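Just below is one structure, and these are the notes that go with it.
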Amino acid sequence: MTLDITIEDSRWQDAGLAALAEEAVAAVLAHFALDPEMCEISLLACDDAEIAGLNAEFREKPAPTNVLSWPAEERAADEDGGTPLPPEPDFTGEIPLGDIAISYGTCAREAAEAGKPLADHTRHLIVHGMLHLLGYDHIRDRDAALMEGIEVLILGKMGIANPYMTEDAP
């Protein structure tokens, strides 16, 4: 797999981002039976200031967020809860999936607030970003349920507890 990681915030280096990202990306590709040797993904590991700028530029939300994704191709299903179109190789035989940005500050804060290991939350956010690259979204209700179910399944295979379960949930 071609996973191009750019680390702009050195705290990601200390957190072992490269290994976490490779594990999460490989788990998503395996779930969808995509050949990792054909897939191309870029990951920007940045800080809150950088991601806030990207969030303002691309989503008109001038605040930090945990993860952003830019799919190489629009694959979303037309109907709510439908399966997105599968990625196809381009003229070079590669499958460019797109770009992901993840912010250390927001990710670390969310993990601490939830009492979760930073590594687990990081893998979850990368899985989440990868699903966006594959056309999944959480704007419409059934799309959100589908995406969440796939996230939980992939994370479970990595030994990560369901991130959507709360202590108050049955």
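Following the order of the structure tokens, chains are lettered A, B, ..., residues in each are numbered from 1, and ligands are numbered from 1.
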### Task
Would you list the contacts of Ile100 in chain A as a PyMOL selection string, taking every protein, DNA or RNA residue within 9 Å and counting only C-alpha atoms, but skipping same-chain residues closer than 4 positions in sequence?
chain A and resi 41-45+67-71+126+129-130+133
Would you output that residue set with C-alpha atoms, as a PDB file, in the first residue's frame?
ATOM      1  CA  ILE A  41      -3.671   7.315   0.619  1.00  0.00           C
ATOM      2  CA  SER A  42      -2.109  10.499   1.998  1.00  0.00           C
ATOM      3  CA  LEU A  43      -2.236  11.305   5.703  1.00  0.00           C
ATOM      4  CA  LEU A  44      -1.381  14.697   7.177  1.00  0.00           C
ATOM      5  CA  ALA A  45      -0.640  14.530  10.913  1.00  0.00           C
ATOM      6  CA  VAL A  67     -10.180  14.375  11.299  1.00  0.00           C
ATOM      7  CA  LEU A  68     -10.907  15.593   7.772  1.00  0.00           C
ATOM      8  CA  SER A  69     -11.058  13.606   4.550  1.00  0.00           C
ATOM      9  CA  TRP A  70     -10.888  14.444   0.864  1.00  0.00           C
ATOM     10  CA  PRO A  71     -11.894  11.510  -1.345  1.00  0.00           C
ATOM     11  CA  ILE A 126      -8.239   6.928  10.734  1.00  0.00           C
ATOM     12  CA  GLY A 129     -11.482   8.953   7.602  1.00  0.00           C
ATOM     13  CA  MET A 130     -10.856   5.941   5.384  1.00  0.00           C
ATOM     14  CA  LEU A 133     -12.602   8.161   1.303  1.00  0.00           C
TER      15      LEU A 133
END
### Message
Taking 6 positions as the minimum chain separation for residues in the same chain, which residues sit within 10 Å of Ala161 in chain A when counting only C-alpha atoms? Answer as a list of chain:residue names.
### Response
A:Lys116, A:Asp120, A:His124, A:Val152, A:Leu153, A:Leu155
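Taking CA of Cys39 in chain A as the reference point, CA of Glu94 in chain A is found at 6.0 Å.
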### Task
Mind giving me the straight-line distance from CA of Thr2 in chain A to CA of Ala111 in chain A in Å, one decimal?
27.7 Å
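Residues lying within 6 Å of range 46-50 of chain A, counting only C-alpha atoms and ignoring same-chain neighbours fewer than 3 positions away, are Glu8, Asp9, Gly53, Pro64, Ser103, Tyr104 and Gly105 of chain A.
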Those same residues - C-alpha atoms - I'd like them written as an mmCIF file, in the first residue's frame.
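What landed in selection-v2.cif:
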data_model
loop_
_atom_site.group_PDB
_atom_site.id
_atom_site.type_symbol
_atom_site.label_atom_id
_atom_site.label_comp_id
_atom_site.auth_asym_id
_atom_site.auth_seq_id
_atom_site.Cartn_x
_atom_site.Cartn_y
_atom_site.Cartn_z
ATOM 1 C CA GLU A 8 3.810 18.308 10.875
ATOM 2 C CA ASP A 9 3.238 17.948 14.631
ATOM 3 C CA GLY A 53 -7.390 26.379 8.739
ATOM 4 C CA PRO A 64 -10.307 22.623 14.933
ATOM 5 C CA SER A 103 -5.114 16.788 14.503
ATOM 6 C CA TYR A 104 -3.111 15.783 17.548
ATOM 7 C CA GLY A 105 -4.588 18.338 19.948
#
### Query
Looking at only C-alpha atoms, which of A:Thr6, A:Thr65, A:Thr83, A:Thr92 is the one that sits closest to Leu125 in chain A?
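Closest to Leu125 in chain A, using only C-alpha atoms: A:Thr65.
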### Distance query Arg142 in chain A at most 10 Å, only C-alpha atoms, self and fewer than 6 positions along chain excluded, as JSON, numbers by chain
{"A": [79, 80, 81, 82, 148]}
Saved selection, atoms kept: C-alpha atoms, as a tab-separated table (two decimals), in the first residue's frame:
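Contents of result.tsv, as written:
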chain	number	residue	atom	x	y	z
A	79	GLU	CA	-30.08	6.74	-1.50
A	80	ASP	CA	-29.83	7.04	2.27
A	81	GLY	CA	-28.26	3.83	3.60
A	82	GLY	CA	-27.09	2.67	0.18
A	148	GLU	CA	-21.05	3.42	12.28
### Task
Check range 5-170 of chain A with DSSP on the backbone and list each residue it calls helix (DSSP H, G or I), as a PyMOL selection string.
chain A and resi 10-14+17-31+48-59+104-114+118-133+141-157
### Task
Taking the DSSP assignment computed from this structure's backbone, write out as a ChimeraX atom specification all residues of range 25-95 of chain A that belong to strand (DSSP E or B).
/A:39-46,67-71,95
### Query
Taking only C-alpha atoms into account, which of A:Pro86, A:Ala26, A:Ile51, A:Glu57 comes nearest Ala101 in chain A?
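Checking each of A:Pro86, A:Ala26, A:Ile51, A:Glu57 against Ala101 in chain A, counting only C-alpha atoms, the winner is A:Ile51.
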